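The structure under discussion appears below in the form of structure tokens.
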Amino acid sequence: MKESIYGNHYAALEKSADELSESVAEIRQELSEKLGMDPVEHYLIRIKGEDSMREKCRRKGLPETTESALGIIKDAIGARIVCAFVDDLYTIKDYLKNSGRFEVIEEKDYIRHAKPNGYRSYHMILKIRGMYYAEIQLRTISMDTWAALEHHMKYKKEIGSQTELIVSELKRCADELASTDLSMQTIRDMIFEEDHELL
């Protein structure tokens, strides 16, 4: 039986993932009390599978070792936080940064600076327990739906003559969804402002 690429670290990775999940749960609880609703539509966390991590090492030209998996590649733990509104993503991002529980290694804002293909998401690399890396993706529901569709296209082997049209349509949809996210945020802000004035 092949030795795990994570060596003897798997149990510690699971504890680190649990610690991240606890922090997200605490943030959700605090924001639910403040806003009167849970800002998170759904939350997923996983430890990258053995085969996926080995394949990523090969793709990056790295040896299939524990050092590569845990020290060079920074998504052994992956989490996705999906919210209805853009502002909630940034609020949760700030809570994670200011919690004092994690070291922020990297941030990439693909919401304000979308990728050329239309991809939008907020990415963070956190270091947990001073040792293990986690990649966090923060998205709205529409960003997450779009990313799932784009993922299907990327891994579909035979699209053929439709490729250019599909890429163009995906980009158009991404821009329309971003505009809708902005409109939804504006409407929610107006509702909250109205509630505040009534109080």
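Order determines the names: the first chain of the structure tokens is A, the second B, and so forth; residues in each chain are numbered 1 upward, and ligands are numbered 1 upward as they are shown.
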Report the residues of stretch 42-182 of chain A whose backbone DSSP state falls under strand (DSSP E or B), written as a tab-separated table (two decimals) with C-alpha atoms, in the first residue's frame.
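File written: result_31.tsv
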chain	number	residue	atom	x	y	z
A	42	HIS	CA	-23.67	27.17	2.47
A	43	TYR	CA	-20.21	26.24	3.61
A	44	LEU	CA	-18.04	23.37	2.39
A	45	ILE	CA	-14.66	22.18	3.60
A	46	ARG	CA	-12.47	19.30	2.46
A	47	ILE	CA	-8.96	17.92	2.67
A	77	ILE	CA	-7.36	22.21	3.15
A	78	GLY	CA	-9.95	23.91	0.96
A	79	ALA	CA	-13.06	25.77	2.07
A	80	ARG	CA	-15.83	27.53	0.17
A	81	ILE	CA	-18.12	30.06	1.82
A	82	VAL	CA	-21.14	31.03	-0.25
A	83	CYS	CA	-23.30	34.04	0.62
A	102	PHE	CA	-4.90	32.46	11.51
A	103	GLU	CA	-1.98	33.94	9.63
A	104	VAL	CA	-3.05	35.47	6.31
A	105	ILE	CA	-0.53	34.40	3.68
A	106	GLU	CA	-2.20	35.70	0.53
A	107	GLU	CA	-5.35	37.43	-0.69
A	108	LYS	CA	-6.66	37.76	-4.24
A	109	ASP	CA	-9.76	39.79	-4.98
A	122	TYR	CA	-12.37	36.25	-3.16
A	123	HIS	CA	-9.45	33.94	-2.40
A	124	MET	CA	-7.49	33.76	0.84
A	125	ILE	CA	-4.63	31.50	1.86
A	126	LEU	CA	-4.56	31.07	5.64
A	127	LYS	CA	-2.02	29.29	7.79
A	128	ILE	CA	-3.62	27.31	10.60
A	132	TYR	CA	-1.08	23.95	7.65
A	133	TYR	CA	-2.36	25.95	4.69
A	134	ALA	CA	-6.00	26.41	3.78
A	135	GLU	CA	-7.39	28.04	0.66
A	136	ILE	CA	-10.66	29.89	1.26
A	137	GLN	CA	-12.98	30.84	-1.60
A	138	LEU	CA	-15.69	33.38	-0.80
A	139	ARG	CA	-18.46	33.66	-3.41
A	140	THR	CA	-22.02	34.77	-3.89
Among the residues of stretch 72-121 of chain A, find those DSSP assigns to helix (DSSP H, G or I) from the backbone and print them as a VMD selection string. chain A and resid 72 86 to 98
Which of these residues is nearest to A:Ala12, using only C-alpha atoms: A:Met131, A:Met53, A:Ala84, A:Leu31? A:Met131
Near-A:Leu149 list (10 Å; only C-alpha atoms; drop same-chain fewer than 5 positions) as number ranges by chain: A: 144, 154, 170
Pick from A:Gln162, A:Asn117, A:Ser183, A:Asn98 nearest to A:Ile27, counting only C-alpha atoms: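 When distances to A:Ile27 are compared using only C-alpha atoms, the smallest one comes from A:Asn98.
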Can you tell me, as a VMD selection string, what residues are no more than 10 Å from A:Lys171 when counting only C-alpha atoms, ignoring any on the same chain fewer than 5 positions away? chain A and resid 115 to 119 146 150 165 to 166 176 to 177
What gap, in Å, lies between atom CA of A:Glu33 and atom CA of A:Ile111? 26.6 Å
